[in-house]
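Quick look at final25.cif (mmCIF, C-alpha atoms):
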```cif
data_target
#
loop_
_atom_site.group_PDB
_atom_site.id
_atom_site.type_symbol
_atom_site.label_atom_id
_atom_site.label_comp_id
_atom_site.auth_asym_id
_atom_site.auth_seq_id
_atom_site.Cartn_x
_atom_site.Cartn_y
_atom_site.Cartn_z
ATOM 1 C CA MET A 1 29.686 -56.432 -82.260
ATOM 2 C CA VAL A 2 26.037 -55.771 -81.366
ATOM 3 C CA VAL A 3 25.886 -59.020 -79.412
ATOM 4 C CA THR A 4 29.001 -58.049 -77.458
ATOM 5 C CA THR A 5 27.604 -54.605 -76.674
ATOM 6 C CA ASN A 6 24.308 -56.051 -75.476
ATOM 7 C CA ALA A 7 26.129 -58.558 -73.271
ATOM 8 C CA ASN A 8 28.270 -55.790 -71.750
ATOM 9 C CA ASP A 9 25.182 -53.653 -71.119
ATOM 10 C CA ALA A 10 23.448 -56.582 -69.403
ATOM 11 C CA ALA A 11 26.521 -57.241 -67.240
ATOM 12 C CA HIS A 12 26.743 -53.576 -66.216
ATOM 13 C CA SER A 13 23.036 -53.580 -65.433
ATOM 14 C CA ARG A 14 23.374 -56.596 -63.116
ATOM 15 C CA VAL A 15 26.354 -55.008 -61.362
ATOM 16 C CA GLY A 16 24.219 -51.931 -60.739
ATOM 17 C CA GLN A 17 21.343 -54.055 -59.466
ATOM 18 C CA VAL A 18 23.644 -55.921 -57.072
ATOM 19 C CA ARG A 19 24.989 -52.608 -55.763
ATOM 20 C CA GLU A 20 21.481 -51.254 -55.199
ATOM 21 C CA LEU A 21 20.222 -54.407 -53.496
ATOM 22 C CA ARG A 22 23.290 -54.607 -51.280
ATOM 23 C CA ALA A 23 22.821 -50.969 -50.258
ATOM 24 C CA GLU A 24 19.138 -51.637 -49.529
ATOM 25 C CA LEU A 25 20.001 -54.692 -47.416
ATOM 26 C CA ALA A 26 22.595 -52.675 -45.486
ATOM 27 C CA ARG A 27 20.100 -49.863 -44.930
ATOM 28 C CA ARG A 28 17.434 -52.240 -43.612
ATOM 29 C CA ILE A 29 19.877 -54.030 -41.283
ATOM 30 C CA ALA A 30 21.146 -50.701 -39.918
ATOM 31 C CA LEU A 31 17.544 -49.560 -39.357
ATOM 32 C CA TYR A 32 16.574 -52.660 -37.384
ATOM 33 C CA MET A 33 19.843 -52.850 -35.421
ATOM 34 C CA GLY A 34 20.081 -49.324 -34.040
ATOM 35 C CA SER A 35 23.110 -49.394 -31.722
ATOM 36 C CA ALA A 36 22.906 -53.148 -30.975
ATOM 37 C CA GLU A 37 25.620 -55.581 -32.090
ATOM 38 C CA ASN A 38 23.548 -58.754 -32.437
ATOM 39 C CA ARG A 39 19.813 -59.260 -32.800
ATOM 40 C CA ALA A 40 17.855 -62.470 -33.033
ATOM 41 C CA THR A 41 14.863 -61.482 -35.143
ATOM 42 C CA GLU A 42 11.255 -62.636 -35.080
ATOM 43 C CA ILE A 43 11.988 -64.580 -38.277
ATOM 44 C CA PRO A 44 12.968 -68.150 -37.290
ATOM 45 C CA GLY A 45 16.675 -68.796 -37.884
ATOM 46 C CA VAL A 46 17.505 -65.212 -38.893
ATOM 47 C CA ALA A 47 19.825 -62.906 -36.940
ATOM 48 C CA LEU A 48 21.347 -59.514 -37.717
ATOM 49 C CA HIS A 49 24.822 -58.263 -36.817
ATOM 50 C CA ARG A 50 26.565 -54.894 -36.603
ATOM 51 C CA ARG A 51 30.103 -53.834 -35.698
ATOM 52 C CA THR A 52 31.532 -50.315 -35.750
ATOM 53 C CA ALA A 53 35.235 -51.200 -35.542
ATOM 54 C CA PRO A 54 37.595 -54.051 -36.450
ATOM 55 C CA THR A 55 37.746 -56.751 -33.789
ATOM 56 C CA ALA A 56 40.415 -58.995 -32.346
ATOM 57 C CA PRO A 57 40.270 -62.664 -33.408
ATOM 58 C CA CYS A 58 37.678 -64.592 -31.388
ATOM 59 C CA SER A 59 36.646 -68.225 -31.285
ATOM 60 C CA ALA A 60 33.241 -69.655 -32.085
ATOM 61 C CA VAL A 61 31.485 -72.724 -33.417
ATOM 62 C CA TYR A 62 29.569 -71.956 -36.590
ATOM 63 C CA GLU A 63 26.463 -74.049 -37.154
ATOM 64 C CA PRO A 64 25.183 -74.870 -40.661
ATOM 65 C CA GLY A 65 24.070 -71.589 -42.139
ATOM 66 C CA ILE A 66 24.843 -68.664 -44.391
ATOM 67 C CA THR A 67 26.057 -65.184 -43.528
ATOM 68 C CA VAL A 68 25.453 -62.393 -46.021
ATOM 69 C CA MET A 69 27.755 -59.404 -45.759
ATOM 70 C CA ALA A 70 25.894 -56.241 -46.774
ATOM 71 C CA GLN A 71 28.680 -53.892 -45.697
ATOM 72 C CA GLY A 72 32.215 -54.343 -44.333
ATOM 73 C CA ARG A 73 34.566 -57.335 -44.420
ATOM 74 C CA LYS A 74 35.223 -60.329 -42.214
ATOM 75 C CA ARG A 75 37.926 -62.979 -41.901
ATOM 76 C CA VAL A 76 37.234 -66.555 -40.790
ATOM 77 C CA ASP A 77 40.026 -69.082 -40.161
ATOM 78 C CA LEU A 78 39.183 -72.780 -40.405
ATOM 79 C CA GLY A 79 42.328 -74.639 -39.449
ATOM 80 C CA ARG A 80 44.973 -73.272 -41.812
ATOM 81 C CA THR A 81 42.416 -72.150 -44.405
ATOM 82 C CA THR A 82 41.365 -68.502 -44.418
ATOM 83 C CA PHE A 83 38.115 -67.123 -45.841
ATOM 84 C CA ILE A 84 37.771 -63.372 -46.322
ATOM 85 C CA TYR A 85 34.403 -62.164 -47.479
ATOM 86 C CA GLY A 86 32.899 -58.723 -47.849
ATOM 87 C CA GLU A 87 30.209 -56.844 -49.700
ATOM 88 C CA SER A 88 28.203 -58.876 -52.198
ATOM 89 C CA ARG A 89 29.578 -62.163 -50.828
ATOM 90 C CA TYR A 90 28.162 -64.756 -48.472
ATOM 91 C CA LEU A 91 29.771 -67.408 -46.279
ATOM 92 C CA LEU A 92 28.335 -70.925 -46.399
ATOM 93 C CA THR A 93 28.872 -73.332 -43.494
ATOM 94 C CA SER A 94 27.466 -76.817 -44.062
ATOM 95 C CA VAL A 95 28.453 -78.576 -40.788
ATOM 96 C CA ASP A 96 29.317 -77.446 -37.240
ATOM 97 C CA LEU A 97 32.822 -75.950 -37.438
ATOM 98 C CA PRO A 98 35.085 -74.500 -34.708
ATOM 99 C CA ILE A 99 36.587 -71.347 -36.222
ATOM 100 C CA ILE A 100 38.438 -68.139 -35.412
ATOM 101 C CA SER A 101 36.707 -65.017 -36.747
ATOM 102 C CA GLN A 102 37.630 -61.361 -37.002
ATOM 103 C CA ILE A 103 35.978 -58.212 -38.375
ATOM 104 C CA VAL A 104 38.624 -56.595 -40.585
ATOM 105 C CA GLU A 105 36.702 -53.655 -42.056
ATOM 106 C CA ALA A 106 34.225 -51.553 -40.046
ATOM 107 C CA SER A 107 33.906 -47.993 -38.729
ATOM 108 C CA GLU A 108 31.386 -45.730 -37.023
ATOM 109 C CA GLU A 109 30.629 -44.084 -40.381
ATOM 110 C CA THR A 110 30.484 -47.388 -42.310
ATOM 111 C CA PRO A 111 29.691 -50.215 -39.884
ATOM 112 C CA CYS A 112 30.015 -53.871 -40.769
ATOM 113 C CA LEU A 113 26.448 -55.098 -41.358
ATOM 114 C CA ALA A 114 25.473 -58.726 -41.887
ATOM 115 C CA MET A 115 22.544 -61.126 -41.884
ATOM 116 C CA SER A 116 22.822 -64.775 -40.866
ATOM 117 C CA LEU A 117 20.389 -67.574 -41.670
ATOM 118 C CA LYS A 118 20.473 -70.987 -40.019
ATOM 119 C CA LEU A 119 20.178 -73.896 -42.450
ATOM 120 C CA GLU A 120 17.964 -76.888 -41.699
ATOM 121 C CA MET A 121 19.053 -80.110 -43.430
ATOM 122 C CA PRO A 122 15.481 -81.500 -43.716
ATOM 123 C CA VAL A 123 14.535 -78.437 -45.789
ATOM 124 C CA ILE A 124 17.586 -78.915 -48.015
ATOM 125 C CA ARG A 125 16.729 -82.601 -48.517
ATOM 126 C CA GLU A 126 13.159 -81.639 -49.368
ATOM 127 C CA LEU A 127 14.381 -79.267 -52.088
ATOM 128 C CA LEU A 128 16.892 -81.792 -53.428
ATOM 129 C CA SER A 129 14.083 -84.341 -53.817
ATOM 130 C CA ARG A 130 12.326 -82.142 -56.364
ATOM 131 C CA GLU A 131 12.950 -83.108 -59.979
ATOM 132 C CA GLU A 132 13.408 -79.535 -61.183
ATOM 133 C CA ILE A 133 16.407 -78.960 -58.891
ATOM 134 C CA GLN A 134 19.553 -80.320 -60.500
ATOM 135 C CA VAL A 135 22.797 -79.901 -58.548
ATOM 136 C CA ALA A 136 26.216 -80.813 -59.892
ATOM 137 C CA PRO A 137 27.998 -83.670 -58.072
ATOM 138 C CA SER A 138 30.278 -82.452 -55.318
ATOM 139 C CA THR A 139 34.023 -82.216 -55.751
ATOM 140 C CA PRO A 140 35.667 -84.622 -53.304
ATOM 141 C CA ASP A 141 37.826 -83.375 -50.444
ATOM 142 C CA VAL A 142 36.524 -79.816 -50.260
ATOM 143 C CA PRO A 143 36.001 -78.045 -46.901
ATOM 144 C CA ALA A 144 32.526 -77.650 -45.449
ATOM 145 C CA MET A 145 32.926 -73.882 -45.655
ATOM 146 C CA ALA A 146 33.018 -71.640 -48.714
ATOM 147 C CA THR A 147 32.276 -68.127 -49.879
ATOM 148 C CA GLY A 148 29.941 -67.434 -52.787
ATOM 149 C CA GLU A 149 28.755 -64.572 -54.937
ATOM 150 C CA ALA A 150 25.575 -62.846 -53.801
ATOM 151 C CA THR A 151 23.678 -62.550 -57.079
ATOM 152 C CA VAL A 152 20.777 -60.250 -57.928
ATOM 153 C CA GLU A 153 18.266 -63.052 -57.299
ATOM 154 C CA PHE A 154 19.947 -64.073 -54.033
ATOM 155 C CA LEU A 155 20.110 -60.514 -52.645
ATOM 156 C CA SER A 156 16.536 -59.825 -53.734
ATOM 157 C CA ALA A 157 15.336 -62.785 -51.656
ATOM 158 C CA CYS A 158 17.424 -61.645 -48.663
ATOM 159 C CA CYS A 159 15.899 -58.151 -48.839
ATOM 160 C CA ARG A 160 12.383 -59.561 -49.022
ATOM 161 C CA LEU A 161 13.107 -61.785 -46.018
ATOM 162 C CA ILE A 162 14.317 -58.857 -43.891
ATOM 163 C CA ASN A 163 11.369 -56.733 -45.047
ATOM 164 C CA LEU A 164 9.067 -59.225 -43.305
ATOM 165 C CA LEU A 165 10.117 -57.583 -40.041
ATOM 166 C CA ASP A 166 7.806 -54.743 -41.081
ATOM 167 C CA ALA A 167 4.925 -57.200 -41.510
ATOM 168 C CA PRO A 168 5.145 -59.674 -38.605
ATOM 169 C CA GLN A 169 1.735 -61.108 -39.484
ATOM 170 C CA ASP A 170 3.265 -62.431 -42.739
ATOM 171 C CA ILE A 171 6.272 -64.116 -41.115
ATOM 172 C CA PRO A 172 4.634 -67.507 -40.326
ATOM 173 C CA PHE A 173 3.563 -68.030 -43.942
ATOM 174 C CA LEU A 174 6.163 -66.214 -46.067
ATOM 175 C CA SER A 175 9.434 -66.614 -44.165
ATOM 176 C CA GLY A 176 9.703 -70.331 -44.912
ATOM 177 C CA LEU A 177 8.985 -69.752 -48.597
ATOM 178 C CA ILE A 178 11.643 -67.047 -48.928
ATOM 179 C CA GLN A 179 14.201 -69.083 -46.979
ATOM 180 C CA ARG A 180 13.585 -71.966 -49.384
ATOM 181 C CA GLU A 181 14.203 -69.581 -52.278
ATOM 182 C CA ILE A 182 17.545 -68.533 -50.747
ATOM 183 C CA ILE A 183 18.576 -72.181 -50.376
ATOM 184 C CA TYR A 184 17.385 -72.816 -53.950
ATOM 185 C CA ARG A 185 19.681 -70.016 -55.189
ATOM 186 C CA ILE A 186 22.636 -71.527 -53.322
ATOM 187 C CA LEU A 187 21.928 -75.020 -54.640
ATOM 188 C CA HIS A 188 22.028 -73.673 -58.196
ATOM 189 C CA GLY A 189 25.386 -71.967 -57.591
ATOM 190 C CA PRO A 190 28.893 -73.460 -57.431
ATOM 191 C CA GLU A 191 28.611 -73.899 -53.644
ATOM 192 C CA GLY A 192 25.402 -75.958 -53.906
ATOM 193 C CA ALA A 193 27.374 -79.168 -54.373
ATOM 194 C CA ARG A 194 28.641 -78.882 -50.783
ATOM 195 C CA LEU A 195 25.123 -78.848 -49.397
ATOM 196 C CA ARG A 196 24.090 -81.684 -51.679
ATOM 197 C CA ALA A 197 26.931 -83.904 -50.430
ATOM 198 C CA ILE A 198 26.173 -83.235 -46.766
ATOM 199 C CA ALA A 199 22.431 -83.737 -47.190
ATOM 200 C CA THR A 200 22.531 -86.854 -49.415
ATOM 201 C CA LEU A 201 22.001 -89.976 -47.330
ATOM 202 C CA GLY A 202 24.746 -92.540 -47.806
ATOM 203 C CA ASP A 203 27.257 -90.085 -49.272
ATOM 204 C CA GLN A 204 30.670 -90.148 -47.563
ATOM 205 C CA SER A 205 30.305 -86.451 -46.726
ATOM 206 C CA HIS A 206 26.916 -87.158 -45.126
ATOM 207 C CA ARG A 207 28.405 -89.958 -43.034
ATOM 208 C CA THR A 208 31.266 -87.682 -41.998
ATOM 209 C CA ALA A 209 28.723 -85.007 -41.067
ATOM 210 C CA LYS A 210 27.054 -87.593 -38.805
ATOM 211 C CA ALA A 211 30.418 -88.167 -37.118
ATOM 212 C CA ILE A 212 30.801 -84.418 -36.627
ATOM 213 C CA SER A 213 27.329 -84.201 -35.091
ATOM 214 C CA TRP A 214 28.091 -87.118 -32.771
ATOM 215 C CA ILE A 215 31.251 -85.448 -31.454
ATOM 216 C CA ARG A 216 29.431 -82.133 -31.072
ATOM 217 C CA ALA A 217 26.729 -83.801 -28.960
ATOM 218 C CA ASN A 218 29.170 -85.950 -26.946
ATOM 219 C CA TYR A 219 32.346 -83.879 -26.718
ATOM 220 C CA VAL A 220 32.662 -84.451 -22.951
ATOM 221 C CA LYS A 221 32.925 -88.214 -23.459
ATOM 222 C CA PRO A 222 36.166 -90.058 -24.246
ATOM 223 C CA LEU A 223 36.646 -90.369 -28.006
ATOM 224 C CA ARG A 224 37.856 -93.519 -29.756
ATOM 225 C CA VAL A 225 37.968 -92.930 -33.492
ATOM 226 C CA GLU A 226 37.533 -96.667 -34.096
ATOM 227 C CA ASP A 227 34.188 -96.599 -32.270
ATOM 228 C CA LEU A 228 33.125 -93.417 -34.071
ATOM 229 C CA ALA A 229 33.914 -94.962 -37.452
ATOM 230 C CA GLN A 230 31.748 -97.960 -36.578
ATOM 231 C CA VAL A 231 28.852 -95.693 -35.529
ATOM 232 C CA VAL A 232 28.792 -93.946 -38.932
ATOM 233 C CA GLY A 233 29.647 -97.015 -41.019
ATOM 234 C CA MET A 234 33.063 -95.949 -42.310
ATOM 235 C CA GLY A 235 36.579 -97.296 -42.169
ATOM 236 C CA VAL A 236 38.939 -95.508 -39.771
ATOM 237 C CA SER A 237 41.275 -94.216 -42.475
ATOM 238 C CA THR A 238 38.334 -93.158 -44.675
ATOM 239 C CA LEU A 239 36.751 -91.272 -41.780
ATOM 240 C CA HIS A 240 40.041 -89.530 -40.975
ATOM 241 C CA HIS A 241 40.472 -88.504 -44.611
ATOM 242 C CA HIS A 242 36.975 -87.100 -45.110
ATOM 243 C CA PHE A 243 36.820 -85.558 -41.629
ATOM 244 C CA ARG A 244 39.995 -83.582 -42.248
ATOM 245 C CA ALA A 245 38.781 -82.565 -45.712
ATOM 246 C CA LEU A 246 35.526 -81.142 -44.304
ATOM 247 C CA THR A 247 36.810 -79.558 -41.086
ATOM 248 C CA ALA A 248 40.544 -79.003 -41.702
ATOM 249 C CA MET A 249 41.306 -80.994 -38.534
ATOM 250 C CA SER A 250 41.252 -84.540 -37.178
ATOM 251 C CA PRO A 251 38.374 -85.859 -35.010
ATOM 252 C CA VAL A 252 40.531 -85.566 -31.874
ATOM 253 C CA GLN A 253 41.546 -81.980 -32.727
ATOM 254 C CA TYR A 254 37.889 -81.151 -33.402
ATOM 255 C CA GLN A 255 36.839 -82.501 -30.009
ATOM 256 C CA LYS A 256 39.665 -80.599 -28.317
ATOM 257 C CA GLN A 257 38.570 -77.284 -29.809
ATOM 258 C CA LEU A 258 34.960 -77.893 -28.755
ATOM 259 C CA ARG A 259 36.082 -78.686 -25.212
ATOM 260 C CA LEU A 260 38.334 -75.630 -24.937
ATOM 261 C CA GLN A 261 35.687 -73.269 -26.267
ATOM 262 C CA ALA A 262 33.030 -74.762 -23.979
ATOM 263 C CA ALA A 263 35.340 -74.423 -20.968
ATOM 264 C CA ARG A 264 36.039 -70.809 -21.873
ATOM 265 C CA GLY A 265 32.312 -70.136 -21.963
ATOM 266 C CA ARG A 266 31.767 -71.810 -18.585
ATOM 267 C CA MET A 267 34.471 -69.682 -16.974
ATOM 268 C CA LEU A 268 33.339 -66.482 -18.661
ATOM 269 C CA VAL A 269 29.574 -66.827 -18.170
ATOM 270 C CA ASP A 270 29.191 -69.093 -15.146
ATOM 271 C CA GLY A 271 32.267 -67.948 -13.212
ATOM 272 C CA LEU A 272 33.822 -71.417 -12.876
ATOM 273 C CA ASP A 273 37.488 -71.775 -11.977
ATOM 274 C CA ALA A 274 39.817 -73.423 -14.493
ATOM 275 C CA ALA A 275 39.900 -76.853 -12.824
ATOM 276 C CA SER A 276 36.107 -77.087 -12.510
ATOM 277 C CA ALA A 277 35.610 -76.000 -16.125
ATOM 278 C CA ALA A 278 38.204 -78.523 -17.290
ATOM 279 C CA PHE A 279 36.491 -81.444 -15.594
ATOM 280 C CA GLU A 280 33.020 -80.362 -16.760
ATOM 281 C CA VAL A 281 34.064 -80.483 -20.433
ATOM 282 C CA GLY A 282 35.733 -83.885 -20.150
ATOM 283 C CA TYR A 283 39.366 -83.275 -19.164
ATOM 284 C CA GLU A 284 40.794 -85.679 -16.602
ATOM 285 C CA SER A 285 43.947 -83.619 -16.006
ATOM 286 C CA ALA A 286 43.852 -79.936 -15.037
ATOM 287 C CA SER A 287 47.495 -79.505 -16.036
ATOM 288 C CA GLN A 288 46.826 -80.904 -19.518
ATOM 289 C CA PHE A 289 43.856 -78.537 -19.820
ATOM 290 C CA ASN A 290 46.000 -75.560 -18.830
ATOM 291 C CA ARG A 291 48.672 -76.480 -21.394
ATOM 292 C CA GLU A 292 46.217 -76.950 -24.240
ATOM 293 C CA TYR A 293 44.202 -73.855 -23.297
ATOM 294 C CA SER A 294 47.329 -71.682 -23.229
ATOM 295 C CA ARG A 295 48.456 -73.063 -26.582
ATOM 296 C CA PHE A 296 45.064 -72.440 -28.213
ATOM 297 C CA PHE A 297 44.065 -69.085 -26.688
ATOM 298 C CA GLY A 298 47.533 -67.632 -26.153
ATOM 299 C CA GLN A 299 47.493 -67.328 -22.356
ATOM 300 C CA PRO A 300 46.534 -69.366 -19.253
ATOM 301 C CA PRO A 301 42.804 -69.806 -18.528
ATOM 302 C CA MET A 302 42.179 -67.346 -15.706
ATOM 303 C CA ARG A 303 44.406 -64.653 -17.221
ATOM 304 C CA ASP A 304 42.496 -65.047 -20.484
ATOM 305 C CA ILE A 305 39.165 -64.673 -18.678
ATOM 306 C CA ARG A 306 40.358 -61.570 -16.808
ATOM 307 C CA THR A 307 41.394 -60.075 -20.150
ATOM 308 C CA LEU A 308 37.993 -60.829 -21.681
ATOM 309 C CA LEU A 309 36.183 -59.307 -18.692
ATOM 310 C CA SER A 310 38.313 -56.166 -18.642
ATOM 311 C CA VAL A 311 36.869 -52.894 -19.910
ATOM 312 C CA GLY A 312 37.103 -52.592 -23.692
ATOM 313 C CA ALA A 313 38.198 -56.182 -24.244
ATOM 314 C CA PRO A 314 36.745 -58.002 -27.275
ATOM 315 C CA GLY A 315 33.794 -60.258 -26.559
ATOM 316 C CA VAL A 316 33.523 -63.930 -27.349
ATOM 317 C CA GLU A 317 31.482 -64.543 -30.460
ATOM 318 C CA SER A 318 28.355 -66.538 -29.794
ATOM 319 C CA VAL A 319 27.582 -69.812 -31.514
ATOM 320 C CA ASN A 320 25.271 -68.061 -33.966
ATOM 321 C CA GLY A 321 27.000 -64.698 -33.796
ATOM 322 C CA ARG A 322 28.470 -64.650 -37.266
#
```

This structure in structure tokens:
Amino acid sequence: MVVTTNANDAAHSRVGQVRELRAELARRIALYMGSAENRATEIPGVALHRRTAPTAPCSAVYEPGITVMAQGRKRVDLGRTTFIYGESRYLLTSVDLPIISQIVEASEETPCLAMSLKLEMPVIRELLSREEIQVAPSTPDVPAMATGEATVEFLSACCRLINLLDAPQDIPFLSGLIQREIIYRILHGPEGARLRAIATLGDQSHRTAKAISWIRANYVKPLRVEDLAQVVGMGVSTLHHHFRALTAMSPVQYQKQLRLQAARGRMLVDGLDAASAAFEVGYESASQFNREYSRFFGQPPMRDIRTLLSVGAPGVESVNGR
């Protein structure tokens, strides 16, 4: 009975600590953000985000990284899989993924507040090479995106990282150390196996990640899956299987989403017309582009852009704008 009581007391204590750390992280983010929505900080790879109302669904490509939700809730759709994460949770993305995101809980009184940290695979490989870091083997056929619990140790490191904004002279030396601690905490959690699989040379997930990177860098070029499989040293059917498991889509669907999102950005930011944007991102047929754009975004290209540019319309989430 005494053992049970002590265990319950310890659990309640950790819940209280998580609540306090989450509130502190939210307070610090709100302080640094002011009225801004997104801020790239002086800490390499770290950005802060704030929203004061729910948003309409918007498209983006998430790079490898983590997003810690200090306040509010967000929904991210990867193919047909939905991730909803809120306070005391984080979102892990281990490869470049085209997604649809939406803030589902935010208000002027209680804004949605988040911190994002870009992940560098060389740093993850460096940590995995250390003998004292033991990570469970990855479960096959799991997506390259997951949500995880923000523990006391994890949130403590996040708070210390953000606090470096008050001591910019310490950022060059301490930011890398604290970011390694955050990655260390993830690697020791249930989601660490995903990072291990992506970072481990020769693993099927690592080879699939190379295929994803190749498409991301060459999305304007014609794609033959047979050639891609040869580049990464996999069989065509094996590549298809693992690619769909990681990204929830086929290589061709992945390329299509990258092209459509890039074309949308060209029209929105650079003022290109639909035909010019289509050809710049690799389409050979403007009519095919219009059909696929309308199917993906819900309306024809130029009407969609006029909607986005209209007063009060939701913005397009940036690549790192988590």

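Across A:Ala157, A:Ile171, A:Ala211, A:Leu239, the tightest approach to A:Asp141 is made by A:Leu239 when counting all atoms listed in the file.
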
What does the distance from atom CA of A:Gln255 to atom CA of A:Ile212 come to in Å, to one decimal?
9.2 Å

A:Gly16, A:Pro111, A:Gly72, A:Pro98 ranked by distance to A:Arg50, top pick (using only C-alpha atoms)
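Comparing A:Gly16, A:Pro111, A:Gly72, A:Pro98 against A:Arg50, the winner is A:Pro111.
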
Which residue of A:Leu31, A:Ile162, A:Leu113, A:Val142 approaches A:Ala193 most closely, using all atoms listed in the file
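Looking only at the distances to A:Ala193, the closest residue turns out to be A:Val142.
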
What gap, in Å, lies between atom CA of A:Ser59 and atom CA of A:Gly271?
18.6 Å

Quick one: apply the PyMOL selection byres ((chain A and resi 240) around 12) to the file and drop the selected residues here as a ChimeraX atom specification.
/A:141,204-205,207-208,211-212,225-226,228-229,234-239,241-254

Using Å and a single decimal, report how far atom CA of A:Ala275 sits from atom CA of A:Ser287.
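These two atoms are separated by 8.7 Å.
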
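Closest approach to A:Ile99 among A:Thr67, A:Asp166, A:Glu42, A:Gln257: A:Gln257, based on all atoms listed in the file.
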
Run through the PyMOL selection byres ((chain A and resi 100-105) around 7) on the given coordinates and return the selected residues as an mmCIF file with C-alpha atoms, in the coordinates of the input.
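Heads up, here's the output in result_37.cif:
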```
data_model
loop_
_atom_site.group_PDB
_atom_site.id
_atom_site.type_symbol
_atom_site.label_atom_id
_atom_site.label_comp_id
_atom_site.auth_asym_id
_atom_site.auth_seq_id
_atom_site.Cartn_x
_atom_site.Cartn_y
_atom_site.Cartn_z
ATOM 1 C CA PRO A 54 37.595 -54.051 -36.450
ATOM 2 C CA THR A 55 37.746 -56.751 -33.789
ATOM 3 C CA ALA A 56 40.415 -58.995 -32.346
ATOM 4 C CA PRO A 57 40.270 -62.664 -33.408
ATOM 5 C CA CYS A 58 37.678 -64.592 -31.388
ATOM 6 C CA SER A 59 36.646 -68.225 -31.285
ATOM 7 C CA ALA A 60 33.241 -69.655 -32.085
ATOM 8 C CA GLY A 72 32.215 -54.343 -44.333
ATOM 9 C CA ARG A 73 34.566 -57.335 -44.420
ATOM 10 C CA LYS A 74 35.223 -60.329 -42.214
ATOM 11 C CA ARG A 75 37.926 -62.979 -41.901
ATOM 12 C CA VAL A 76 37.234 -66.555 -40.790
ATOM 13 C CA ASP A 77 40.026 -69.082 -40.161
ATOM 14 C CA LEU A 78 39.183 -72.780 -40.405
ATOM 15 C CA ILE A 99 36.587 -71.347 -36.222
ATOM 16 C CA ALA A 106 34.225 -51.553 -40.046
ATOM 17 C CA CYS A 112 30.015 -53.871 -40.769
#
```

Expected selection from the PyMOL selection byres ((chain A and resi 189) around 10), given as a PyMOL selection string:
chain A and resi 135-136+148-151+183-188+190-193

Edge lengths and centre, in Å to one decimal, as AutoDock Vina command-line options: that's what I need for the box along x, y and z that holds all listed atoms of stretch 78-81 of chain A plus 3 Å on each side.
```
--center_x 42.1 --center_y -73.4 --center_z -41.9 --size_x 11.8 --size_y 8.5 --size_z 11.0
```

Rank nothing, just name the residue among A:Pro64, A:Gln71, A:Arg51, A:Glu37 nearest to A:Arg194, using all atoms listed in the file.
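Checking each of A:Pro64, A:Gln71, A:Arg51, A:Glu37 against A:Arg194, counting all atoms listed in the file, the winner is A:Pro64.
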
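Checking A:Gly79, A:Gly45, A:Pro122, A:Pro222 one by one against A:Ile66, counting all atoms listed in the file, you find the shortest gap at A:Gly45.
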
Contacts of A:Gly282 at 12 Å or less, counting all atoms listed in the file, minus same-chain residues fewer than 3 places along, as a ChimeraX atom specification?
/A:218-223,255-256,258-260,262-263,275-279,285-286,288-289
